[in-house]
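Engineer: So I've got this file, run.cif, and it contains mmCIF, C-alpha atoms:
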```
data_structure
loop_
_atom_site.label_atom_id
_atom_site.label_comp_id
_atom_site.auth_asym_id
_atom_site.auth_seq_id
_atom_site.Cartn_x
_atom_site.Cartn_y
_atom_site.Cartn_z
CA MET N 1323 -0.18 63.12 225.92
CA THR N 1324 1.36 60.47 223.66
CA GLU N 1325 1.66 60.91 219.92
CA GLN N 1326 -0.89 59.09 217.81
CA PRO N 1327 0.48 55.90 216.18
CA THR N 1328 -0.27 57.22 212.68
CA ARG N 1329 2.01 60.17 213.32
CA VAL N 1330 5.01 58.01 214.16
CA TRP N 1331 5.61 56.98 210.57
CA ARG N 1332 3.81 59.82 208.78
CA ARG N 1333 3.61 63.51 209.65
CA PRO N 1334 1.75 66.36 207.94
CA MET N 1335 4.04 67.94 205.35
CA ARG N 1336 3.81 71.57 206.36
CA SER N 1337 6.21 74.43 205.68
CA ARG N 1338 9.25 74.63 207.92
CA ASP N 1339 10.05 77.86 209.74
CA ARG N 1340 12.41 80.03 207.68
CA ASP N 1341 13.93 81.33 210.94
CA GLU N 1342 14.28 77.93 212.59
CA HIS N 1343 17.33 77.82 214.86
CA HIS N 1344 20.11 75.24 214.54
CA ARG N 1345 18.84 74.01 211.18
CA VAL N 1346 21.51 71.74 209.70
CA ALA N 1347 21.78 69.10 207.00
CA THR N 1348 20.26 65.76 207.94
CA PRO N 1349 21.94 62.34 207.58
CA LEU N 1350 19.54 61.59 204.71
CA GLU N 1351 20.66 64.72 202.87
CA LEU N 1352 24.29 63.72 203.36
CA LEU N 1353 23.56 60.26 201.95
CA PHE N 1354 21.80 61.90 199.01
CA ASP N 1355 24.90 64.00 198.30
CA LEU N 1356 27.24 61.01 198.49
CA CYS N 1357 25.13 59.08 196.00
CA PHE N 1358 24.99 62.02 193.61
CA VAL N 1359 28.74 62.57 193.72
CA VAL N 1360 29.04 59.17 192.04
CA ALA N 1361 27.39 60.73 189.01
CA VAL N 1362 29.71 63.75 189.24
CA GLY N 1363 32.72 61.43 189.23
CA GLN N 1364 31.43 59.56 186.19
CA ALA N 1365 30.85 62.82 184.31
CA ALA N 1366 34.36 64.06 185.12
CA ALA N 1367 35.88 60.73 184.05
CA GLN N 1368 34.11 60.83 180.70
CA LEU N 1369 35.18 64.44 180.20
CA HIS N 1370 38.78 63.40 180.81
CA HIS N 1371 38.56 60.63 178.22
CA ALA N 1372 37.06 62.99 175.63
CA LEU N 1373 39.72 65.63 176.25
CA ALA N 1374 42.55 63.09 176.15
CA GLU N 1375 41.31 61.86 172.77
CA GLY N 1376 41.18 65.39 171.38
CA HIS N 1377 37.36 65.56 171.26
CA THR N 1378 37.22 68.83 173.16
CA GLY N 1379 34.02 70.30 171.74
CA HIS N 1380 32.04 67.09 172.02
CA GLY N 1381 33.41 66.38 175.50
CA VAL N 1382 32.64 69.82 176.93
CA LEU N 1383 29.13 69.89 175.43
CA SER N 1384 28.30 66.37 176.63
CA PHE N 1385 29.68 67.18 180.08
CA ALA N 1386 27.55 70.33 180.31
CA MET N 1387 24.40 68.41 179.32
CA VAL N 1388 25.02 65.48 181.65
CA PHE N 1389 26.00 67.74 184.53
CA PHE N 1390 22.75 69.66 184.14
CA ALA N 1391 20.78 66.48 184.85
CA ILE N 1392 22.89 65.75 187.95
CA TRP N 1393 22.87 69.31 189.26
CA TRP N 1394 19.19 70.01 188.62
CA GLY N 1395 18.08 66.81 190.36
CA TRP N 1396 20.26 67.67 193.37
CA LEU N 1397 19.15 71.31 193.46
CA ASN N 1398 15.42 70.56 193.41
CA PHE N 1399 15.70 68.00 196.18
CA SER N 1400 17.74 70.39 198.34
CA TRP N 1401 15.38 73.36 198.08
CA PHE N 1402 12.31 71.21 198.60
CA ALA N 1403 13.88 69.59 201.67
CA SER N 1404 14.77 72.99 203.07
CA ALA N 1405 11.08 73.97 203.02
CA PHE N 1406 9.21 70.70 203.65
CA ASP N 1407 11.49 68.00 205.10
CA THR N 1408 9.37 65.85 207.44
CA ASP N 1409 11.89 63.00 207.72
CA ASP N 1410 9.07 60.49 208.05
CA VAL N 1411 8.70 57.14 206.29
CA PRO N 1412 6.96 58.38 203.09
CA TYR N 1413 9.50 61.19 202.74
CA ARG N 1414 12.43 58.81 203.17
CA LEU N 1415 11.01 56.34 200.66
CA ALA N 1416 10.42 59.10 198.08
CA THR N 1417 14.01 60.24 198.64
CA LEU N 1418 15.18 56.66 198.10
CA VAL N 1419 13.48 56.70 194.70
CA GLN N 1420 15.24 59.97 193.88
CA ILE N 1421 18.57 58.43 194.88
CA ALA N 1422 17.82 55.44 192.65
CA GLY N 1423 17.16 57.83 189.78
CA GLY N 1424 20.41 59.68 190.47
CA LEU N 1425 22.41 56.44 190.47
CA THR N 1426 20.72 55.45 187.21
CA VAL N 1427 21.86 58.79 185.77
CA ALA N 1428 25.38 57.97 186.98
CA ALA N 1429 25.27 54.59 185.24
CA ALA N 1430 24.09 56.28 182.03
CA VAL N 1431 26.84 58.91 181.79
CA SER N 1432 29.09 56.94 179.43
CA SER N 1433 26.24 56.08 177.04
CA ALA N 1434 25.05 59.70 177.10
CA PHE N 1435 28.52 60.85 176.00
CA GLU N 1436 28.09 58.48 173.05
CA GLY N 1437 24.73 60.02 172.15
CA ASP N 1438 22.44 57.39 173.71
CA PHE N 1439 20.20 59.18 176.22
CA ARG N 1440 17.66 56.43 176.91
CA LEU N 1441 18.98 55.33 180.30
CA MET N 1442 19.85 58.90 181.25
CA VAL N 1443 16.30 60.07 180.60
CA ALA N 1444 14.87 57.08 182.47
CA GLY N 1445 16.89 57.85 185.60
CA TYR N 1446 16.25 61.58 185.39
CA VAL N 1447 12.50 61.20 184.93
CA LEU N 1448 12.36 58.70 187.80
CA MET N 1449 13.88 61.12 190.32
CA ARG N 1450 11.86 64.05 189.02
CA LEU N 1451 8.52 62.24 189.21
CA ALA N 1452 9.34 61.22 192.79
CA LEU N 1453 9.61 64.93 193.54
CA VAL N 1454 6.21 65.51 191.89
CA VAL N 1455 4.76 63.13 194.47
CA GLN N 1456 6.43 65.13 197.22
CA TRP N 1457 4.99 68.39 195.92
CA LEU N 1458 1.49 66.90 195.70
CA ARG N 1459 1.83 65.74 199.28
CA ALA N 1460 2.87 69.26 200.33
CA ALA N 1461 -0.11 70.72 198.44
CA ARG N 1462 -2.45 68.44 200.33
CA SER N 1463 -1.01 69.12 203.78
CA ASP N 1464 -0.21 72.85 203.59
CA PRO N 1465 -3.05 75.07 202.27
CA GLY N 1466 -0.86 78.18 202.43
CA CYS N 1467 1.69 76.74 200.00
CA ARG N 1468 -0.82 74.80 197.90
CA PRO N 1469 -0.79 77.12 194.85
CA ALA N 1470 3.01 77.08 194.61
CA ALA N 1471 3.18 73.33 195.27
CA LEU N 1472 0.63 72.55 192.55
CA ARG N 1473 2.48 74.77 190.08
CA TYR N 1474 5.69 72.92 190.91
CA ALA N 1475 4.03 69.53 190.47
CA SER N 1476 2.38 70.39 187.17
CA GLY N 1477 5.41 72.20 185.77
CA ILE N 1478 7.78 69.35 186.60
CA ALA N 1479 5.36 66.81 185.13
CA VAL N 1480 5.14 68.73 181.85
CA ALA N 1481 8.92 69.00 181.71
CA GLN N 1482 9.28 65.23 182.15
CA ALA N 1483 6.90 64.66 179.26
CA LEU N 1484 9.22 66.80 177.15
CA TRP N 1485 12.27 64.77 178.21
CA ILE N 1486 10.52 61.54 177.26
CA ALA N 1487 9.69 63.08 173.89
CA PHE N 1488 13.37 64.05 173.61
CA LEU N 1489 14.18 60.40 172.91
CA TRP N 1490 12.39 60.68 169.57
CA VAL N 1491 13.95 64.01 168.57
CA PRO N 1492 16.17 63.60 165.47
CA HIS N 1493 19.85 63.42 166.37
CA GLY N 1494 20.70 66.55 164.40
CA VAL N 1495 18.47 68.78 166.54
CA GLN N 1496 18.94 67.08 169.92
CA VAL N 1497 21.31 69.73 171.23
CA PRO N 1498 18.98 72.70 170.51
CA ALA N 1499 16.05 70.69 171.87
CA PHE N 1500 18.01 69.92 175.04
CA PHE N 1501 18.64 73.59 175.76
CA VAL N 1502 14.99 74.49 175.08
CA PHE N 1503 13.78 71.76 177.46
CA ALA N 1504 16.39 72.81 180.05
CA VAL N 1505 15.02 76.36 179.93
CA VAL N 1506 11.54 74.94 180.60
CA GLU N 1507 12.92 73.17 183.68
CA LEU N 1508 14.64 76.33 184.87
CA ALA N 1509 11.45 78.32 184.41
CA VAL N 1510 9.33 76.09 186.65
CA PRO N 1511 10.61 77.49 190.01
CA VAL N 1512 10.37 81.05 188.70
CA TRP N 1513 6.74 80.46 187.74
CA ALA N 1514 5.87 78.53 190.89
CA GLU N 1515 7.40 81.04 193.32
CA ARG N 1516 6.23 84.24 191.64
CA ARG N 1517 3.36 85.02 194.05
CA LYS N 1518 4.09 83.31 197.33
CA GLY N 1519 7.41 81.56 197.68
CA THR N 1520 8.25 78.49 199.73
CA THR N 1521 9.84 78.84 203.15
CA TRP N 1522 13.35 77.59 202.43
CA HIS N 1523 15.93 78.25 205.13
CA PRO N 1524 18.84 80.49 203.98
CA HIS N 1525 21.42 79.08 206.41
CA HIS N 1526 20.37 75.52 205.61
CA ILE N 1527 20.52 76.12 201.85
CA ALA N 1528 23.96 77.72 202.14
CA GLU N 1529 25.18 74.73 204.13
CA ARG N 1530 23.75 72.31 201.56
CA TYR N 1531 25.54 74.11 198.73
CA GLY N 1532 28.74 74.25 200.74
CA LEU N 1533 28.61 70.52 201.47
CA PHE N 1534 28.12 69.71 197.79
CA THR N 1535 31.04 71.98 196.92
CA LEU N 1536 33.15 70.03 199.41
CA ILE N 1537 32.34 66.63 197.96
CA VAL N 1538 32.93 67.88 194.41
CA LEU N 1539 36.35 69.14 195.50
CA GLY N 1540 36.90 65.75 197.12
CA GLU N 1541 36.15 64.15 193.78
CA VAL N 1542 38.80 66.41 192.21
CA ILE N 1543 41.36 65.15 194.73
CA LEU N 1544 40.34 61.55 194.05
CA SER N 1545 40.66 62.00 190.28
CA ALA N 1546 44.08 63.62 190.61
CA THR N 1547 45.26 60.93 193.02
CA ASN N 1548 44.20 58.12 190.71
CA ALA N 1549 45.91 59.80 187.78
CA LEU N 1550 49.12 60.26 189.78
CA LYS N 1551 48.99 56.63 190.89
CA GLU N 1552 48.80 55.51 187.27
CA GLY N 1553 51.52 57.98 186.30
CA THR N 1554 54.02 56.60 188.81
CA ALA N 1555 53.93 53.32 186.93
CA GLU N 1556 55.77 55.10 184.13
CA PRO N 1557 59.51 55.22 184.95
CA GLY N 1558 61.41 58.49 184.97
CA HIS N 1559 58.55 60.85 185.87
CA LEU N 1560 58.45 60.70 189.65
CA GLY N 1561 59.94 64.14 190.24
CA ALA N 1562 57.61 65.87 187.82
CA LEU N 1563 54.59 64.06 189.27
CA ILE N 1564 55.50 65.00 192.85
CA SER N 1565 55.77 68.62 191.79
CA LEU N 1566 52.45 68.41 189.96
CA ALA N 1567 50.79 66.77 192.97
CA ALA N 1568 51.95 69.60 195.21
CA ALA N 1569 50.62 72.20 192.78
CA ALA N 1570 47.29 70.37 192.50
CA LEU N 1571 46.94 70.23 196.28
CA VAL N 1572 47.64 73.95 196.62
CA LEU N 1573 45.13 74.66 193.85
CA VAL N 1574 42.30 72.62 195.39
CA PHE N 1575 42.99 74.03 198.86
CA SER N 1576 42.91 77.56 197.44
CA MET N 1577 39.60 76.88 195.71
CA TRP N 1578 38.19 75.63 199.01
CA TRP N 1579 39.47 78.68 200.86
CA LEU N 1580 38.10 81.17 198.35
CA TYR N 1581 34.65 79.59 198.28
CA PHE N 1582 34.25 79.35 202.06
CA ASP N 1583 35.98 82.61 203.00
CA ARG N 1584 32.65 84.47 202.90
CA PRO N 1585 29.54 82.99 204.61
CA GLY N 1586 27.41 81.43 201.91
CA HIS N 1587 24.14 82.66 203.41
CA ALA N 1588 25.23 86.31 203.61
CA ARG N 1589 23.81 87.33 200.25
CA LEU N 1590 20.61 85.32 200.74
CA VAL N 1591 19.95 87.01 204.08
CA ARG N 1592 21.02 90.49 203.01
CA ARG N 1593 18.82 90.51 199.88
CA PRO N 1594 16.00 88.00 200.38
CA THR N 1595 14.42 88.47 196.96
CA MET N 1596 13.44 85.85 194.40
CA PHE N 1597 16.00 87.20 191.94
CA THR N 1598 18.78 86.85 194.52
CA SER N 1599 17.83 83.32 195.50
CA MET N 1600 17.38 82.20 191.90
CA SER N 1601 20.61 83.77 190.62
CA TRP N 1602 22.57 82.43 193.60
CA GLY N 1603 21.05 78.96 193.37
CA TYR N 1604 21.25 78.66 189.57
CA GLY N 1605 24.66 80.29 189.37
CA HIS N 1606 26.18 77.48 191.39
CA TYR N 1607 25.89 75.29 188.31
CA PHE N 1608 29.08 76.96 187.10
CA ILE N 1609 30.82 76.55 190.47
CA PHE N 1610 29.96 72.85 190.72
CA ALA N 1611 30.62 72.04 187.06
CA SER N 1612 33.90 73.96 186.88
CA ALA N 1613 35.16 72.39 190.12
CA ALA N 1614 34.35 68.92 188.79
CA ALA N 1615 36.04 69.73 185.48
CA VAL N 1616 39.26 70.68 187.29
CA GLY N 1617 39.64 67.02 188.24
CA ALA N 1618 39.46 66.00 184.60
CA GLY N 1619 41.95 68.74 183.71
CA LEU N 1620 44.45 67.56 186.30
CA GLU N 1621 44.20 64.03 184.90
CA VAL N 1622 45.04 65.44 181.47
CA ALA N 1623 48.01 67.28 183.00
CA VAL N 1624 49.33 64.07 184.55
CA ALA N 1625 49.04 62.26 181.23
CA TYR N 1626 50.88 65.10 179.51
CA ASP N 1627 53.74 65.07 182.04
CA THR N 1628 54.16 61.31 181.69
CA GLY N 1629 54.23 61.51 177.90
CA THR N 1630 51.11 59.38 177.39
CA LEU N 1631 49.05 62.23 175.93
CA HIS N 1632 49.46 63.36 172.35
CA LEU N 1633 48.46 66.99 172.82
CA GLY N 1634 50.41 70.22 172.83
CA GLY N 1635 51.28 72.04 176.03
CA VAL N 1636 48.57 74.68 175.71
CA ALA N 1637 45.91 72.12 174.77
CA ALA N 1638 46.89 70.06 177.83
CA ALA N 1639 46.76 73.11 180.11
CA LEU N 1640 43.40 74.57 179.07
CA PRO N 1641 41.31 71.73 180.62
CA THR N 1642 42.59 72.93 184.01
CA THR N 1643 43.03 76.67 183.57
CA VAL N 1644 39.63 77.32 181.93
CA PRO N 1645 37.52 75.67 184.68
CA VAL N 1646 39.65 77.33 187.38
CA ALA N 1647 38.98 80.71 185.74
CA VAL N 1648 35.25 79.93 185.54
CA PHE N 1649 35.28 78.89 189.20
CA LEU N 1650 36.94 82.15 190.27
CA LEU N 1651 34.55 84.30 188.23
CA SER N 1652 31.52 82.38 189.54
CA VAL N 1653 32.58 82.72 193.18
CA TRP N 1654 33.28 86.39 192.52
CA LEU N 1655 29.81 87.01 191.12
CA LEU N 1656 27.89 84.95 193.69
CA HIS N 1657 29.82 85.54 196.91
CA ILE N 1658 31.86 88.71 196.42
CA GLY N 1659 30.18 90.96 193.88
CA PRO N 1660 31.73 93.48 191.46
CA THR N 1661 30.61 96.35 193.74
CA ASN N 1662 32.02 94.85 196.93
CA GLU N 1663 33.24 97.52 199.34
CA CYS N 1664 36.61 95.75 199.59
CA ARG N 1665 38.03 96.85 196.26
CA PRO N 1666 41.18 94.66 196.30
CA ILE N 1667 38.99 91.55 196.46
CA ALA N 1668 36.38 92.87 194.04
CA ILE N 1669 39.12 93.48 191.49
CA GLY N 1670 41.40 90.59 192.50
CA PHE N 1671 39.07 87.76 191.50
CA PRO N 1672 38.49 88.73 187.84
CA VAL N 1673 42.13 89.80 187.40
CA THR N 1674 43.31 86.46 188.74
CA ALA N 1675 40.89 84.63 186.44
CA VAL N 1676 42.42 86.41 183.43
CA LEU N 1677 45.94 85.64 184.64
CA VAL N 1678 45.01 81.98 185.10
CA LEU N 1679 43.93 81.81 181.46
CA ALA N 1680 47.20 83.45 180.47
CA ALA N 1681 49.05 80.80 182.51
CA SER N 1682 48.00 78.27 179.85
CA PHE N 1683 50.80 79.60 177.66
CA THR N 1684 53.56 79.25 180.28
CA PRO N 1685 55.95 76.27 180.54
CA ALA N 1686 54.37 75.18 183.87
CA PRO N 1687 50.68 76.15 183.65
CA ILE N 1688 49.39 74.09 186.60
CA HIS N 1689 52.10 75.41 188.90
CA VAL N 1690 51.51 79.01 187.83
CA THR N 1691 47.73 78.55 188.26
CA ALA N 1692 48.27 77.19 191.78
CA LEU N 1693 50.52 80.13 192.66
CA LEU N 1694 47.97 82.62 191.33
CA ALA N 1695 45.16 81.00 193.32
CA ALA N 1696 47.31 80.99 196.46
CA ALA N 1697 48.17 84.65 195.88
CA LEU N 1698 44.46 85.46 195.68
CA VAL N 1699 43.94 83.65 198.98
CA ALA N 1700 46.71 85.75 200.52
CA LEU N 1701 45.14 88.92 199.14
CA THR N 1702 41.77 87.88 200.58
CA VAL N 1703 43.24 87.21 204.00
CA VAL N 1704 45.10 90.52 204.15
CA ALA N 1705 42.16 92.55 202.81
CA THR N 1706 39.44 91.04 204.99
CA HIS N 1707 41.18 90.11 208.23
CA GLY N 1708 43.41 93.12 208.72
CA GLU N 1709 46.01 93.37 211.45
CA PRO N 1710 46.09 90.70 214.18
CA GLN N 1711 44.47 91.64 217.47
CA PRO N 1712 46.89 92.35 220.32
CA GLY N 1713 47.19 89.56 222.86
#
```
So, in terms of structure tokens, how does the structure I just supplied come out?
Structural biologist:
Amino acid sequence: MTEQPTRVWRRPMRSRDRDEHHRVATPLELLFDLCFVVAVGQAAAQLHHALAEGHTGHGVLSFAMVFFAIWWGWLNFSWFASAFDTDDVPYRLATLVQIAGGLTVAAAVSSAFEGDFRLMVAGYVLMRLALVVQWLRAARSDPGCRPAALRYASGIAVAQALWIAFLWVPHGVQVPAFFVFAVVELAVPVWAERRKGTTWHPHHIAERYGLFTLIVLGEVILSATNALKEGTAEPGHLGALISLAAAALVLVFSMWWLYFDRPGHARLVRRPTMFTSMSWGYGHYFIFASAAAVGAGLEVAVAYDTGTLHLGGVAAALPTTVPVAVFLLSVWLLHIGPTNECRPIAIGFPVTAVLVLAASFTPAPIHVTALLAAALVALTVVATHGEPQPG
């Protein structure tokens, strides 16, 4: 029996099977990630400029606020797609609108760092309202998930009204208002999922988070490469830059290794509770943001080594060592756990994070940080893989 013509371009948006086999990221999800990494790159670039000019407090705060808009838009799309992806024409068009909103957010990063949030809010609200349409469609097609879907749709809509009102908040209280409105956004999934949750796929979600981690690390490599390219134009610094490039490569590779050493879905499968999924999903803000910030820190380090940055050694090191320490602590909490049965790893991550911060006060902080991260990788390999099997 042939499929009805109306089903070719539009399918009922019903819940996907949580235990579906061979569930992987779709080409549309990969395109979504690539478009959103543009915004990540813009945020990291603006953070670098703020740090290089000595505006550390303003730069870090602006980066945290801008990155929330990028991360939250990506997160909501990913979890919704895990539960309801139909990959039909209406779904693809709604995703296109979300991508357009994400690219608008990317274009607005520089103005947001200067305190003008008009374009940022416009892009953010555009992608969030497109998701409201998706949730309403799910509510109509899937009676079992209708209560949760309607709570999502109404909660997101109310939050967008708050962000529009944010544009008229006096400048002096914008920061407190931002964090209050962000808490409202964060509370929507908790409220919507409290009775009957959506059927997101743990392996699929873990893959989606892993892929976004990869492209953020790729953005770090790109930022460092561009900075090194500019640095080589300055005569007399080639040796120092080659050494710094090697240390940066070891550092990024170690971050990749440590994140992917444990299967990302393990905790989601082992403890399938709402608290676990929310803490794991929300906690990745610090992994993504810290990884992106490492790129900005490495650019500062290049500028310091070439003598084009008027900061002290410690001030030039902290933009790299602090985000690396945050990254290690976040991976420890989300993937390893303080009570992990492998005590060397459970202790090794926080100890290494402290040592990385201490490396800021050494003559070669980036090199020491890279060595510490590589040593943690070695400890992880020895502790988890044991002796080689006999041939």
Engineer: Please identify all polymer residues lying at most 6 Å from the point (5.1, 69.9, 201.5) (file coordinates), using only C-alpha atoms, and present the result as a ChimeraX atom specification.
Structural biologist: /N:1335-1336,1406,1457,1459-1460
Engineer: At a cut-off of 12 Å around the point (19.7, 75.5, 213.3) (file coordinates), what residues fall inside when counting only C-alpha atoms? I'd like the answer as number ranges by chain.
Structural biologist: N: 1338-1348, 1404, 1523-1527, 1529
Engineer: May I ask which of the residues N:Phe1534, N:Tyr1446, N:Phe1500, N:Trp1490 is the closest one to N:Ala1614, counting all atoms listed in the file?
Structural biologist: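 The shortest atom-to-atom distance to N:Ala1614 comes from N:Phe1534.
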Engineer: Name the residues captured by the PyMOL selection byres ((chain N and resi 1695-1698) around 10) when it is applied to the shown file; answer as a VMD selection string.
Structural biologist: chain N and resid 1572 to 1577 1579 to 1580 1646 to 1647 1650 1666 to 1667 1670 to 1671 1673 to 1675 1677 to 1678 1689 to 1694 1699 to 1704
Engineer: Report as an MDAnalysis selection string all protein, DNA and RNA residues lying within 10 Å of N:Leu1356, evaluated on only C-alpha atoms, omitting residues in the same chain fewer than 3 positions from it.
Structural biologist: chainID N and resid 1350:1353 1359:1362 1421 1534 1537:1538
Engineer: I need the output of the PyMOL selection byres ((chain N and resi 1449) around 7) for this file as a list of chain:residue names; which residues are they?
Structural biologist: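 Here the PyMOL selection byres ((chain N and resi 1449) around 7) matches N:Val1419, N:Gln1420, N:Gly1423, N:Gly1424, N:Gly1445, N:Tyr1446, N:Val1447, N:Leu1448, N:Arg1450, N:Leu1451, N:Ala1452, N:Leu1453.
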Engineer: What residues come out when you apply the PyMOL selection byres ((chain N and resi 1514-1518) around 8) to this file, written as a list in words?
Structural biologist: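 What the PyMOL selection byres ((chain N and resi 1514-1518) around 8) grabs from the file is Cys1467, Pro1469, Ala1470, Ala1471, Arg1473, Tyr1474, Val1510, Pro1511, Val1512, Trp1513, Gly1519, Thr1520 and Met1596 of chain N.
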Engineer: Give the answer as one residue: which of N:Gly1635, N:Gly1466, N:Pro1685, N:Pro1585 has the shortest atom-to-atom distance to N:Ala1623, using all atoms listed in the file?
Structural biologist: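 Counting all atoms listed in the file, the residue closest to N:Ala1623 is N:Gly1635.
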Engineer: As an exercise, work out the distance from atom CA of N:Val1653 to atom CA of N:Phe1582 in Å and give it to one decimal place.
Structural biologist: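 Separation between atom CA of N:Val1653 and atom CA of N:Phe1582: 9.6 Å.
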Engineer: Do a neighbour search on N:Gly1659 at 12 Å with only C-alpha atoms, toss out local chain neighbours closer than 2 positions, and write the hits as a ChimeraX atom specification.
Structural biologist: /N:1584,1588-1589,1602,1650-1657,1661-1672
Engineer: In Å, with one decimal, what is the gap from atom CA of N:Ala1374 to atom CA of N:Thr1642?
Structural biologist: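 Between atom CA of N:Ala1374 and atom CA of N:Thr1642 the gap is 12.6 Å.
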Engineer: May I ask for the distance between atom CA of N:Leu1590 and atom CA of N:Ile1392, given in Å to one decimal place?
Structural biologist: 23.5 Å
